[in-house]
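For reference, the structure discussed in these notes is given below.
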Amino acid sequence: MEGFNTSIPLIPISYTFANTIGTTGSSSSSHSSCGITSPWMDTRIWSRLPRSLVDRVLALLPPPAFFRARSVCKRWYGLLFSNSFLELYLQVSPRRHWFLFFNRKSLNKNYIYRNNNNINNGDNRTNSEAYLFNPHDLSWYRVSFPLVPPGFSPASSSGGLVCWVSDEAGSKSLLLSNPLVGSLIPLPSTLRPRLFPSIGLTVTNTSVDLVVAGDDLISPFAVKNLTAESFHVDGGGFYSLWGTNSSLPRLCSLESGRMVYGGGRFYCMNYSPFSVLAYDVATNHWCKIQAPMRRFLRSPNLVESRGKMILIAAVEKSKLNVPKSLRLWGLQSCGTTWAEIDRMPQQLYLQFEDVEGGKGFNCVGHGEFIIITVRGSDKAVLFDFHRKRWLWIPPCPFTRSSGGGAGGSSSGDGAGGAGGELHGFAYEPRLANPVTGLLDQLALPFQPFSG
């Protein structure tokens, strides 16, 4: 009996991992030349290693190294389709707190009322590829989404899967994809028509929870933040396909379009005035949490890091003798109050403020890392909680314009060279997730998007 089903297509898939470290080629060539005479590379030694030990070593490799290793021999190439290897991979592979960025234009809620044939405004190419960032060695890799049809935009990520949502107004079509193996799983459409809802996703090895909230279409030309609907599937056999509905708090304004998950709750920013909305999955209940210093915040963002919810915002007290700063607050265990946990060094903030120029910024957190990207630019700052270190990260070399060094002058359009910007998600690169087998059991026919 098959112990594991990953639903990976049994066809060769091309992978386009491209490292950006300039010395990679020279170092690898020097290593190979040394390996010719080194006794450590004697094939008489390595050929006698037990196959189980070799597979365990391969399962511990980071994804770019694993896909390079697949070119060594036919057996290694076929490991991606081996149930026994994937079971071993799920047991021993460490969690990798990486990030996935898309280079696309900022969404404008008014554009949806244009001709639907022009919904993507020429942005299909930039949505079909993404940029994987490793914060440990500051390296970039490029991955593609060839199976995602036009008319879909990335909305969330969890458990190695990326959630895509249809751009067209109405009931939202949703897709889950794994860019490393080229899989694509359609989900049932939402029941209520919406425009640009906020979307939250959390995926474990045994369950999927998805929440779509706000932007209810009450008429062809009007939206209100009224309701939320939830999708749940787990290994215990419980399925709730948008069968759980809830009412949002009164007078809420969800502008960010995304949610962050932590401790059994989904969180999202509420605007005018600033506050945080929290949705408890178990009780199906929404509540408001007051934001700290809400009258003086600019460009607030919510991220999850090390199991804690963190609010990041610029603080500007124009009438008080307090220097401008970028601060981080952590949500306390009581779930209602915040405490300041760190702030950007003042000298770095002056550089950041000069680059940002009032355009605003976006934040994404994963593990011990937080990345702050400047809107309309390819520039970003990395904060490492473990080392208490702030630094500019190298621009993504795969965007059409990576002009200027970090901390240098802004080039206006920045990433993409045509008004684009990097939109980031916390991403854990994984070769497989057993929960995809549960989703395949839904046996949903895929309806292609006809834009």
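In the structure tokens, each chain is lettered A, B, ... as it comes, each chain's residues begin at 1, and ligands are numbered from 1 in order of appearance.
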
Problem - segment 312-315 of chain A environment, 7 Å, only C-alpha atoms, sequence neighbours closer than 5 positions dropped, as a ChimeraX atom specification - result: /A:296-302,324-329

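Taking atom CA of Trp140 of chain A and atom CA of Cys73 of chain A as the two end points, the separation is 26.2 Å.
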
Exercise for the section: Write out as a ChimeraX atom specification which residues come within 6 Å of segment 220-232 of chain A when counting only C-alpha atoms, dropping same-chain ones fewer than 4 positions away. Expected result: /A:208-216,239-242,244-248

Those residues you just picked out, can you put them in a file as a compact mmCIF listing (two decimals), in the first residue's frame with C-alpha atoms?
```
# COMPACT_ATOMS: atom_id res chain seq x y z
CA VAL A 208 -5.75 23.57 5.52
CA ASP A 209 -7.52 26.68 6.83
CA LEU A 210 -8.40 29.55 4.53
CA VAL A 211 -10.29 32.76 5.37
CA VAL A 212 -11.64 35.28 2.85
CA ALA A 213 -12.92 38.49 4.44
CA GLY A 214 -14.40 41.82 3.40
CA ASP A 215 -15.04 43.69 0.16
CA ASP A 216 -18.53 42.20 -0.20
CA TYR A 239 -14.53 19.23 5.52
CA SER A 240 -16.06 22.71 5.60
CA LEU A 241 -16.07 24.10 2.08
CA TRP A 242 -16.95 27.76 2.75
CA THR A 244 -18.60 28.74 8.01
CA ASN A 245 -19.60 32.41 7.80
CA SER A 246 -19.02 35.26 10.24
CA SER A 247 -19.79 38.96 10.48
CA LEU A 248 -16.99 41.50 10.56
```

Problem - Exercise: Leu311 of chain A partners within 12 Å, only C-alpha atoms, chain neighbours under 3 positions left out, as a PyMOL selection string - result: chain A and resi 260+267-269+274-276+289-294+297-305+308+314-315+326-332+337-343+362-365+370

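Inside segment 288-413 of chain A, the residues DSSP reads as helix (DSSP H, G or I) when given the backbone are Arg294, Arg295, Phe296, Gln346, Gln347, Leu348, Tyr349, Leu350, Gln351, Phe352, Glu353, Asp354, Val355 and Glu356 of chain A.
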
Dump C-alpha atoms for the selected residues as a PDB file, in the first residue's frame?
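What ended up in again_39.pdb:
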```pdb
ATOM      1  CA  ARG A 294      -2.361  54.846  16.699  1.00  0.00           C
ATOM      2  CA  ARG A 295      -2.580  58.616  16.138  1.00  0.00           C
ATOM      3  CA  PHE A 296       1.104  58.802  15.218  1.00  0.00           C
ATOM      4  CA  GLN A 346      18.368  56.158  14.106  1.00  0.00           C
ATOM      5  CA  GLN A 347      21.209  56.460  11.594  1.00  0.00           C
ATOM      6  CA  LEU A 348      19.778  53.649   9.494  1.00  0.00           C
ATOM      7  CA  TYR A 349      16.293  55.134   9.767  1.00  0.00           C
ATOM      8  CA  LEU A 350      17.531  58.416   8.298  1.00  0.00           C
ATOM      9  CA  GLN A 351      18.842  56.474   5.283  1.00  0.00           C
ATOM     10  CA  PHE A 352      15.607  54.477   5.098  1.00  0.00           C
ATOM     11  CA  GLU A 353      13.458  57.607   5.303  1.00  0.00           C
ATOM     12  CA  ASP A 354      15.442  59.212   2.489  1.00  0.00           C
ATOM     13  CA  VAL A 355      14.944  56.160   0.237  1.00  0.00           C
ATOM     14  CA  GLU A 356      11.296  55.688   1.200  1.00  0.00           C
TER      15      GLU A 356
END
```

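Between Tyr279 of chain A and the residues A:Pro345, A:Cys163, A:Pro146, A:Gly200, the shortest atom-to-atom distance, using only C-alpha atoms, involves A:Gly200.
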
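Atom CA of Gly307 of chain A is found 17.3 Å from atom CA of Lys388 of chain A.
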
Problem - In segment 86-287 of chain A, DSSP strand (DSSP E or B) residues written as a ChimeraX atom specification - result: /A:98-105,129-134,139-144,152-158,161-166,170-171,174-178,183-187,193-194,198-203,207-213,216-219,222-224,227-234,239-247,258,260-262,265-270,275-280,285-287

Proximity of segment 160-207 of chain A to segment 433-442 of chain A: per-residue shortest pair, 12 Å limit, only C-alpha atoms, as a tab-separated table:
```
residue	atom	partner	partner_atom	distance
A:Gly160	CA	A:Asn433	CA	7.4
A:Leu161	CA	A:Asn433	CA	8.4
A:Leu175	CA	A:Leu439	CA	11.0
A:Leu176	CA	A:Thr436	CA	9.1
A:Ser177	CA	A:Thr436	CA	9.8
A:Asn178	CA	A:Asn433	CA	9.2
A:Leu180	CA	A:Asn433	CA	11.5
A:Val181	CA	A:Asn433	CA	10.9
A:Ser183	CA	A:Thr436	CA	9.5
A:Leu184	CA	A:Thr436	CA	9.7
A:Ile185	CA	A:Asp440	CA	7.3
A:Pro186	CA	A:Leu439	CA	8.6
A:Leu187	CA	A:Leu439	CA	7.9
A:Pro188	CA	A:Leu442	CA	9.1
A:Thr202	CA	A:Val435	CA	11.5
A:Val203	CA	A:Val435	CA	7.9
A:Thr204	CA	A:Val435	CA	7.2
A:Asn205	CA	A:Val435	CA	5.3
A:Thr206	CA	A:Val435	CA	5.2
A:Ser207	CA	A:Val435	CA	6.2
```

Write out, as a compact mmCIF listing (two decimals), in the first residue's frame, the residues just selected, with all heavy atoms.
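result-v4.txt written:
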```txt
# COMPACT_ATOMS: atom_id res chain seq x y z
N GLY A 160 4.68 25.71 2.28
CA GLY A 160 5.24 25.43 0.97
C GLY A 160 4.28 25.65 -0.18
O GLY A 160 4.65 25.43 -1.34
N LEU A 161 3.04 26.07 0.10
CA LEU A 161 2.04 26.30 -0.94
C LEU A 161 1.74 27.79 -1.06
O LEU A 161 1.72 28.52 -0.06
CB LEU A 161 0.75 25.55 -0.61
CG LEU A 161 0.86 24.03 -0.46
CD1 LEU A 161 -0.49 23.44 -0.09
CD2 LEU A 161 1.39 23.39 -1.73
N LEU A 175 -6.50 28.98 -6.10
CA LEU A 175 -5.58 27.92 -6.50
C LEU A 175 -4.48 27.81 -5.46
O LEU A 175 -4.03 28.82 -4.91
CB LEU A 175 -4.96 28.21 -7.87
CG LEU A 175 -5.88 28.54 -9.05
CD1 LEU A 175 -5.06 28.98 -10.24
CD2 LEU A 175 -6.72 27.33 -9.39
N LEU A 176 -4.03 26.59 -5.20
CA LEU A 176 -2.86 26.35 -4.36
C LEU A 176 -1.78 25.71 -5.23
O LEU A 176 -2.03 24.71 -5.90
CB LEU A 176 -3.19 25.44 -3.18
CG LEU A 176 -4.14 25.98 -2.12
CD1 LEU A 176 -4.34 24.95 -1.01
CD2 LEU A 176 -3.63 27.28 -1.53
N SER A 177 -0.58 26.30 -5.21
CA SER A 177 0.49 25.79 -6.06
C SER A 177 1.77 25.63 -5.25
O SER A 177 2.02 26.38 -4.30
CB SER A 177 0.74 26.73 -7.25
OG SER A 177 1.22 27.98 -6.81
N ASN A 178 2.56 24.64 -5.66
CA ASN A 178 3.90 24.45 -5.11
C ASN A 178 4.89 24.70 -6.25
O ASN A 178 5.01 23.87 -7.16
CB ASN A 178 4.08 23.04 -4.55
CG ASN A 178 5.43 22.84 -3.89
OD1 ASN A 178 6.40 23.54 -4.17
ND2 ASN A 178 5.51 21.87 -2.98
N LEU A 180 8.05 24.52 -6.47
CA LEU A 180 9.22 23.65 -6.56
C LEU A 180 8.94 22.40 -7.38
O LEU A 180 9.84 21.87 -8.04
CB LEU A 180 9.71 23.26 -5.17
CG LEU A 180 10.15 24.39 -4.25
CD1 LEU A 180 10.87 23.83 -3.04
CD2 LEU A 180 11.03 25.39 -4.97
N VAL A 181 7.71 21.90 -7.33
CA VAL A 181 7.38 20.67 -8.05
C VAL A 181 6.37 20.90 -9.16
O VAL A 181 6.00 19.96 -9.87
CB VAL A 181 6.85 19.59 -7.08
CG1 VAL A 181 7.89 19.25 -6.04
CG2 VAL A 181 5.56 20.04 -6.41
N SER A 183 3.14 21.77 -9.01
CA SER A 183 1.77 21.30 -8.78
C SER A 183 0.80 22.47 -8.73
O SER A 183 1.17 23.59 -8.39
CB SER A 183 1.69 20.50 -7.48
OG SER A 183 1.98 21.34 -6.37
N LEU A 184 -0.46 22.19 -9.05
CA LEU A 184 -1.51 23.21 -9.03
C LEU A 184 -2.81 22.54 -8.62
O LEU A 184 -3.26 21.58 -9.27
CB LEU A 184 -1.67 23.86 -10.40
CG LEU A 184 -2.62 25.06 -10.46
CD1 LEU A 184 -2.05 26.25 -9.71
CD2 LEU A 184 -2.90 25.46 -11.90
N ILE A 185 -3.43 23.02 -7.53
CA ILE A 185 -4.65 22.42 -7.00
C ILE A 185 -5.74 23.49 -6.94
O ILE A 185 -5.59 24.49 -6.23
CB ILE A 185 -4.42 21.84 -5.59
CG1 ILE A 185 -3.27 20.83 -5.61
CG2 ILE A 185 -5.69 21.22 -5.05
CD1 ILE A 185 -2.87 20.35 -4.23
N PRO A 186 -6.84 23.33 -7.67
CA PRO A 186 -7.95 24.28 -7.58
C PRO A 186 -8.82 24.00 -6.36
O PRO A 186 -9.00 22.85 -5.95
CB PRO A 186 -8.73 24.04 -8.87
CG PRO A 186 -8.46 22.61 -9.20
CD PRO A 186 -7.08 22.30 -8.69
N LEU A 187 -9.32 25.05 -5.75
CA LEU A 187 -10.23 24.95 -4.62
C LEU A 187 -11.62 25.41 -5.04
O LEU A 187 -11.77 26.12 -6.05
CB LEU A 187 -9.74 25.81 -3.44
CG LEU A 187 -8.37 25.45 -2.85
CD1 LEU A 187 -8.05 26.40 -1.70
CD2 LEU A 187 -8.33 24.01 -2.38
N PRO A 188 -12.66 25.05 -4.29
CA PRO A 188 -14.01 25.54 -4.62
C PRO A 188 -14.06 27.06 -4.55
O PRO A 188 -13.38 27.69 -3.73
CB PRO A 188 -14.89 24.90 -3.55
CG PRO A 188 -14.09 23.78 -2.97
CD PRO A 188 -12.66 24.16 -3.10
N THR A 202 -3.35 29.10 6.33
CA THR A 202 -2.42 28.34 7.15
C THR A 202 -2.52 26.87 6.77
O THR A 202 -3.62 26.32 6.68
CB THR A 202 -2.68 28.54 8.67
OG1 THR A 202 -1.76 27.75 9.41
CG2 THR A 202 -4.09 28.17 9.06
N VAL A 203 -1.37 26.26 6.51
CA VAL A 203 -1.31 24.87 6.04
C VAL A 203 -0.37 24.10 6.95
O VAL A 203 0.76 24.54 7.23
CB VAL A 203 -0.79 24.80 4.58
CG1 VAL A 203 -0.65 23.35 4.13
CG2 VAL A 203 -1.71 25.57 3.64
N THR A 204 -0.83 22.95 7.44
CA THR A 204 0.02 22.01 8.18
C THR A 204 0.08 20.70 7.38
O THR A 204 -0.48 20.61 6.29
CB THR A 204 -0.54 21.76 9.58
OG1 THR A 204 -1.76 21.02 9.49
CG2 THR A 204 -0.80 23.07 10.32
N ASN A 205 0.74 19.70 7.93
CA ASN A 205 0.80 18.40 7.26
C ASN A 205 -0.54 17.68 7.23
O ASN A 205 -0.72 16.73 6.47
CB ASN A 205 1.83 17.50 7.93
CG ASN A 205 3.26 17.92 7.60
OD1 ASN A 205 3.50 18.71 6.68
ND2 ASN A 205 4.20 17.40 8.35
N THR A 206 -1.49 18.14 8.05
CA THR A 206 -2.77 17.44 8.15
C THR A 206 -3.99 18.34 7.95
O THR A 206 -5.11 17.84 8.01
CB THR A 206 -2.90 16.75 9.52
OG1 THR A 206 -2.79 17.74 10.56
CG2 THR A 206 -1.82 15.70 9.70
N SER A 207 -3.82 19.64 7.72
CA SER A 207 -4.99 20.50 7.62
C SER A 207 -4.70 21.73 6.77
O SER A 207 -3.55 22.14 6.59
CB SER A 207 -5.47 20.95 9.01
OG SER A 207 -4.51 21.79 9.63
```
